[in-house]
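> Have a peek at data29.cif (mmCIF, C-alpha atoms).
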```cif
data_protein
#
loop_
_atom_site.label_atom_id
_atom_site.label_comp_id
_atom_site.auth_asym_id
_atom_site.auth_seq_id
_atom_site.Cartn_x
_atom_site.Cartn_y
_atom_site.Cartn_z
CA MET A 25 116.04 103.86 122.06
CA ALA A 26 112.73 102.09 121.63
CA ILE A 27 112.20 99.06 123.83
CA LYS A 28 112.11 95.76 121.91
CA SER A 29 111.36 93.47 124.84
CA ARG A 30 108.32 91.24 124.80
CA ARG A 31 107.94 91.04 128.60
CA TYR A 32 107.31 93.76 131.15
CA GLU A 33 110.20 92.60 133.39
CA GLU A 34 112.60 92.65 130.44
CA ALA A 35 111.26 95.97 129.24
CA LYS A 36 112.03 97.47 132.64
CA LEU A 37 115.62 96.28 132.41
CA GLU A 38 116.02 97.38 128.80
CA ALA A 39 114.51 100.86 129.19
CA SER A 40 117.23 103.46 128.77
CA THR A 41 115.25 106.02 130.75
CA ASN A 42 112.12 106.06 132.89
CA LEU A 43 110.44 108.08 130.15
CA GLU A 44 111.05 105.31 127.64
CA LEU A 45 109.41 102.82 130.02
CA TYR A 46 106.41 105.14 130.50
CA TRP A 47 105.96 105.30 126.72
CA TRP A 48 106.13 101.50 126.56
CA VAL A 49 103.39 101.26 129.19
CA PHE A 50 101.37 104.06 127.55
CA MET A 51 101.33 102.23 124.19
CA ARG A 52 99.73 99.20 125.84
CA ILE A 53 97.14 101.07 127.90
CA SER A 54 96.12 103.48 125.13
CA GLY A 55 96.10 100.53 122.71
CA VAL A 56 93.52 98.57 124.68
CA VAL A 57 91.32 101.63 125.12
CA LEU A 58 91.56 102.53 121.43
CA VAL A 59 90.54 99.03 120.28
CA PHE A 60 87.17 99.47 121.98
CA LEU A 61 86.70 103.15 121.12
CA LEU A 62 87.53 102.61 117.45
CA ILE A 63 85.41 99.51 116.91
CA GLY A 64 82.52 101.50 118.42
CA HIS A 65 83.31 104.53 116.25
CA MET A 66 83.53 102.50 113.03
CA TRP A 67 80.45 100.43 113.83
CA MET A 68 78.37 103.50 114.51
CA ASN A 69 79.39 105.40 111.39
CA ALA A 70 79.81 102.61 108.84
CA ILE A 71 77.34 99.89 109.89
CA LEU A 72 74.54 101.71 111.74
CA THR A 73 74.75 104.65 109.35
CA ASP A 74 75.03 104.69 105.58
CA LEU A 75 78.48 106.20 105.06
CA ASN A 76 77.35 107.99 101.93
CA THR A 77 74.71 109.98 103.80
CA ILE A 78 77.26 111.49 106.19
CA ASN A 79 77.36 115.26 105.73
CA TYR A 80 77.71 118.48 107.73
CA ASP A 81 74.30 118.13 109.44
CA TYR A 82 74.99 114.57 110.57
CA VAL A 83 78.35 115.53 112.08
CA ALA A 84 77.01 118.73 113.66
CA LYS A 85 74.10 116.87 115.24
CA ARG A 86 76.23 114.08 116.65
CA LEU A 87 78.93 116.39 117.93
CA SER A 88 76.40 118.67 119.63
CA GLN A 89 76.12 115.92 122.25
CA THR A 90 78.69 116.24 125.00
CA THR A 91 79.20 112.48 125.31
CA TRP A 92 80.30 112.21 121.67
CA LYS A 93 82.49 115.30 122.00
CA LEU A 94 84.35 113.61 124.85
CA TYR A 95 84.38 110.23 123.07
CA ASP A 96 85.93 111.75 119.96
CA LEU A 97 88.31 113.94 121.95
CA LEU A 98 89.58 110.83 123.72
CA ILE A 99 90.14 109.07 120.39
CA LEU A 100 91.86 112.18 119.03
CA ALA A 101 94.25 112.57 121.97
CA LEU A 102 95.05 108.89 122.50
CA GLY A 103 95.20 108.16 118.76
CA LEU A 104 97.57 111.00 117.93
CA LEU A 105 99.85 110.28 120.91
CA HIS A 106 99.87 106.54 120.20
CA GLY A 107 100.50 107.30 116.51
CA ALA A 108 103.22 109.87 117.19
CA ASN A 109 105.13 107.51 119.47
CA GLY A 110 104.70 104.61 117.04
CA LEU A 111 106.03 106.88 114.32
CA ARG A 112 109.03 107.67 116.54
CA TYR A 113 109.85 103.94 116.80
CA VAL A 114 109.65 103.62 113.02
CA LEU A 115 111.77 106.72 112.30
CA ASP A 116 114.44 105.62 114.81
CA ASP A 117 114.59 102.32 112.89
CA TRP A 118 114.44 103.58 109.35
CA ILE A 119 116.34 106.91 109.25
CA ARG A 120 120.00 106.39 110.08
CA ASP A 121 121.29 109.92 109.46
CA PRO A 122 120.84 111.93 112.73
CA MET A 123 120.22 115.26 111.00
CA LYS A 124 117.62 113.83 108.63
CA ARG A 125 115.99 112.02 111.53
CA PHE A 126 115.85 115.18 113.62
CA TRP A 127 114.23 117.26 110.89
CA THR A 128 111.77 114.53 109.88
CA LYS A 129 110.68 114.28 113.51
CA ALA A 130 110.49 118.07 113.91
CA VAL A 131 108.22 118.42 110.88
CA LEU A 132 105.97 115.43 111.62
CA TYR A 133 105.56 116.15 115.35
CA SER A 134 104.64 119.75 114.54
CA LEU A 135 102.06 118.54 112.04
CA ILE A 136 100.59 116.15 114.62
CA ALA A 137 100.49 118.88 117.29
CA PHE A 138 98.76 121.20 114.82
CA LEU A 139 96.17 118.53 113.99
CA PHE A 140 95.48 118.01 117.69
CA LEU A 141 94.83 121.73 118.03
CA LEU A 142 92.67 121.81 114.90
CA GLY A 143 90.74 118.67 115.85
CA SER A 144 89.99 119.66 119.45
CA LEU A 145 89.07 123.17 118.33
CA SER A 146 86.58 121.80 115.82
CA LEU A 147 85.08 119.33 118.32
CA LEU A 148 84.50 122.06 120.89
CA ASN A 149 83.32 124.47 118.24
CA HIS A 150 80.10 122.51 117.61
CA ASP A 151 76.93 123.47 119.49
CA PHE A 152 76.26 122.03 122.93
CA GLY A 153 73.21 120.07 124.04
CA VAL A 154 71.15 120.14 120.84
CA LYS A 155 68.74 117.20 120.67
CA MET B 19 113.81 88.48 118.45
CA TYR B 20 111.58 87.79 115.43
CA ARG B 21 112.78 84.66 113.66
CA GLY B 22 110.99 84.78 110.32
CA ARG B 23 107.64 83.12 109.65
CA GLU B 24 104.47 84.29 111.37
CA GLY B 25 106.14 86.53 113.95
CA GLN B 26 107.93 88.48 111.23
CA TRP B 27 104.72 88.95 109.23
CA ALA B 28 102.85 89.99 112.35
CA PHE B 29 105.50 92.65 113.00
CA TYR B 30 105.60 94.10 109.47
CA LEU B 31 101.83 94.17 109.12
CA HIS B 32 101.60 95.91 112.50
CA ARG B 33 104.00 98.61 111.30
CA ILE B 34 102.46 99.17 107.89
CA SER B 35 98.92 99.23 109.28
CA GLY B 36 100.02 101.62 112.05
CA LEU B 37 101.53 104.07 109.58
CA GLY B 38 98.49 103.80 107.33
CA ILE B 39 96.12 104.52 110.21
CA LEU B 40 98.16 107.58 111.24
CA VAL B 41 98.02 109.01 107.71
CA PHE B 42 94.25 108.43 107.60
CA LEU B 43 93.73 109.94 111.06
CA MET B 44 95.46 113.15 109.96
CA LEU B 45 93.34 113.43 106.78
CA HIS B 46 90.21 112.54 108.76
CA VAL B 47 90.82 115.24 111.39
CA ALA B 48 91.43 117.82 108.67
CA ASN B 49 88.23 116.72 106.89
CA ILE B 50 86.01 116.86 110.00
CA SER B 51 87.58 120.17 111.08
CA SER B 52 86.50 121.73 107.81
CA ALA B 53 83.07 122.18 109.48
CA MET B 54 84.61 125.26 111.12
CA TRP B 55 84.68 126.89 107.68
CA GLY B 56 80.93 126.33 107.31
CA PRO B 57 78.55 123.77 105.76
CA GLU B 58 79.42 124.58 102.12
CA VAL B 59 83.13 123.82 102.51
CA SER B 60 82.43 120.82 104.72
CA ASN B 61 79.78 119.28 102.44
CA ALA B 62 81.90 119.78 99.32
CA LEU B 63 84.82 117.97 100.96
CA MET B 64 82.62 115.14 102.21
CA LYS B 65 81.04 114.72 98.79
CA PHE B 66 84.53 114.44 97.38
CA TYR B 67 85.34 111.66 99.87
CA HIS B 68 82.15 109.77 99.00
CA GLN B 69 83.67 108.70 95.69
CA PRO B 70 84.04 104.90 95.31
CA VAL B 71 87.85 105.04 95.29
CA PHE B 72 87.84 106.41 98.86
CA GLN B 73 85.29 103.78 99.93
CA VAL B 74 87.77 101.15 98.81
CA GLY B 75 90.41 103.02 100.79
CA LEU B 76 88.09 102.92 103.79
CA LEU B 77 87.82 99.13 103.48
CA PHE B 78 91.63 98.98 103.64
CA LEU B 79 91.62 101.36 106.62
CA ILE B 80 89.08 99.31 108.58
CA ALA B 81 91.08 96.16 107.83
CA GLY B 82 94.19 97.97 109.12
CA VAL B 83 92.51 99.16 112.31
CA LEU B 84 91.07 95.71 113.11
CA TYR B 85 94.36 93.92 112.43
CA HIS B 86 96.46 96.50 114.34
CA GLY B 87 94.06 96.41 117.28
CA PHE B 88 93.76 92.63 117.61
CA ASN B 89 97.48 92.08 117.02
CA GLY B 90 98.11 94.77 119.66
CA LEU B 91 96.09 92.67 122.11
CA ARG B 92 98.29 89.71 121.13
CA ILE B 93 101.40 91.79 121.90
CA ILE B 94 99.96 92.71 125.30
CA LEU B 95 99.29 89.04 126.07
CA MET B 96 102.90 88.26 125.14
CA ASP B 97 104.10 91.09 127.39
CA PHE B 98 102.09 90.38 130.49
CA THR B 99 101.43 86.62 130.62
CA SER B 100 103.86 83.78 131.23
CA TRP B 101 102.54 81.77 128.26
CA GLY B 102 102.00 84.49 125.61
CA VAL B 103 105.39 84.26 123.93
CA ARG B 104 105.25 80.44 123.80
CA TYR B 105 101.91 80.54 121.99
CA GLN B 106 102.56 83.65 119.86
CA ARG B 107 101.88 81.78 116.60
CA GLN B 108 98.58 80.32 117.81
CA LEU B 109 97.64 83.75 119.12
CA TRP B 110 98.34 85.22 115.68
CA TYR B 111 95.88 82.78 114.12
CA GLY B 112 93.43 83.87 116.81
CA VAL B 113 93.98 87.47 115.65
CA TRP B 114 92.90 86.47 112.14
CA VAL B 115 89.79 84.68 113.41
CA LEU B 116 88.71 87.82 115.29
CA PHE B 117 89.63 89.88 112.24
CA VAL B 118 87.35 87.89 109.92
CA VAL B 119 84.45 87.95 112.38
CA PHE B 120 84.60 91.74 112.79
CA TYR B 121 85.56 92.59 109.21
CA LEU B 122 82.74 90.73 107.45
CA PRO B 123 79.93 93.15 108.44
CA PHE B 124 82.01 96.12 107.19
CA LEU B 125 82.94 94.32 104.00
CA ILE B 126 79.32 93.47 103.27
CA LYS B 127 77.95 96.93 104.12
CA ILE B 128 80.59 99.09 102.44
CA GLY B 129 81.44 96.63 99.67
CA GLY B 130 77.73 96.30 98.89
CA GLY B 131 77.45 100.07 98.73
CA ILE B 132 80.32 100.32 96.23
CA LEU B 133 78.96 97.55 93.99
CA GLY B 134 75.37 98.74 94.32
CA GLY B 135 76.35 102.19 93.12
CA GLY B 136 74.73 103.82 96.13
CA HIS B 137 77.51 106.38 96.43
CA GLY B 138 77.50 110.09 95.71
CA ASP B 139 74.54 112.33 96.20
#
```
How does the structure come out when it is put into structure tokens?

Amino acid sequence: MAIKSRRYEEAKLEASTNLELYWWVFMRISGVVLVFLLIGHMWMNAILTDLNTINYDYVAKRLSQTTWKLYDLLILALGLLHGANGLRYVLDDWIRDPMKRFWTKAVLYSLIAFLFLLGSLSLLNHDFGVK
Amino acid sequence: MYRGREGQWAFYLHRISGLGILVFLMLHVANISSAMWGPEVSNALMKFYHQPVFQVGLLFLIAGVLYHGFNGLRIILMDFTSWGVRYQRQLWYGVWVLFVVFYLPFLIKIGGGILGGGHGD
């Protein structure tokens, strides 16, 4: 079960398994990192750039730089994991029927795993080191 | 745990914004990945997403990300400090102050673009 505690000491006591505690810790660490990565990402693409001019060339040029590949890969991995685990908390709360819950999770986790594959493939598929 | 009022709102907004962000992230990854099918496919899809209705959606998304992020920091303060839980309501107001400060530039830039009709190609 998801941990509902508001304090680390309580969370440790409430955690049903070590894994559940690791997820609790992961949500906090990935959360802090994502706040900074995402504000940077949004600022760069919506404030410093006119959103409406974004097209294939813009994306290809930016993603040809290794730093942005890694930056986006980090957002992709942390974001999808953070999102998948958050989704798990919500589904455990909202879907009471075990069979329905199992199949909903099976479908949505597969979709998320597929998007991680697709996303990382497309990031690495862009050229390297083009100025 | 959550006894109505601000704490309850903070919790529901955190959930709804989290789910919204996840849905967007999945669409966004699919959209950016379309580059693997070549510039024609990619540009057609991006032109589709440049329609005003999606810009409005983007304003909602950015609001969701900023709220979820700053409220997440509030949760972390409640988890790891001795005073966080006691001041959770004040912290929530702090979340909204940060939200307004960071949201205004996006609102002006993107909102101005929608009203100015600078969308599309």
> Near chain B, meaning an atom within 7 Å, which residues of chain A appear when counting all atoms listed in the file? Write them as a PyMOL selection string.
chain A and resi 30-32+52+55-56+59+71+76+79-80+107+139+142-143+146
> Write out as a list in words the residues lying within 12 Å of Lys93 of chain A, counting all atoms listed in the file and excluding same-chain residues fewer than 2 positions away.
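Listing them by chain and then by number gives Val83, Ala84, Lys85, Arg86, Leu87, Ser88, Gln89, Thr90, Thr91, Tyr95, Asp96, Leu97, Leu98, Ile99, Leu100, Gly143, Ser144, Leu145, Ser146, Leu147, Leu148, Asn149, His150, Asp151, Phe152 and Gly153 of chain A.
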> Any chance you could work out the residue set of the PyMOL selection byres ((chain A and resi 132) around 12) here, as a PyMOL selection string?
(chain A and resi 104+107-109+111-112+115+125-131+133-139) or (chain B and resi 40-41+44)
> So how far away is atom CA of Leu58 of chain A from atom CA of Leu102 of chain A, in Å?
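Atom CA of Leu102 of chain A sits 7.3 Å away from atom CA of Leu58 of chain A.
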> Within 12 Å of (104.5, 94.3, 112.2), in the coordinates the file gives, what residues turn up when you count all atoms listed in the file, written out as a tab-separated table (two decimals) with C-alpha atoms, in the frame of the given file?

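Listed below is the output, out24.tsv:
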```tsv
chain	number	residue	atom	x	y	z
A	110	GLY	CA	104.70	104.61	117.04
A	113	TYR	CA	109.85	103.94	116.80
A	114	VAL	CA	109.65	103.62	113.02
B	20	TYR	CA	111.58	87.79	115.43
B	22	GLY	CA	110.99	84.78	110.32
B	23	ARG	CA	107.64	83.12	109.65
B	24	GLU	CA	104.47	84.29	111.37
B	25	GLY	CA	106.14	86.53	113.95
B	26	GLN	CA	107.93	88.48	111.23
B	27	TRP	CA	104.72	88.95	109.23
B	28	ALA	CA	102.85	89.99	112.35
B	29	PHE	CA	105.50	92.65	113.00
B	30	TYR	CA	105.60	94.10	109.47
B	31	LEU	CA	101.83	94.17	109.12
B	32	HIS	CA	101.60	95.91	112.50
B	33	ARG	CA	104.00	98.61	111.30
B	34	ILE	CA	102.46	99.17	107.89
B	35	SER	CA	98.92	99.23	109.28
B	36	GLY	CA	100.02	101.62	112.05
B	37	LEU	CA	101.53	104.07	109.58
B	82	GLY	CA	94.19	97.97	109.12
B	85	TYR	CA	94.36	93.92	112.43
B	86	HIS	CA	96.46	96.50	114.34
B	87	GLY	CA	94.06	96.41	117.28
B	89	ASN	CA	97.48	92.08	117.02
B	90	GLY	CA	98.11	94.77	119.66
B	92	ARG	CA	98.29	89.71	121.13
B	93	ILE	CA	101.40	91.79	121.90
B	110	TRP	CA	98.34	85.22	115.68
```
> What does the PyMOL selection byres ((chain A and resi 27) around 10) select in this file, as a list in words?
Met25, Ala26, Lys28, Ser29, Arg30, Glu34, Ala35, Lys36, Leu37, Glu38, Ala39, Ser40, Glu44, Leu45, Trp47, Trp48 and Tyr113 of chain A
> What does the distance from atom CA of Leu77 of chain B to atom CA of Tyr121 of chain B come to in Å, to one decimal?
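If I compute the distance from atom CA of Leu77 of chain B to atom CA of Tyr121 of chain B, I get 9.0 Å.
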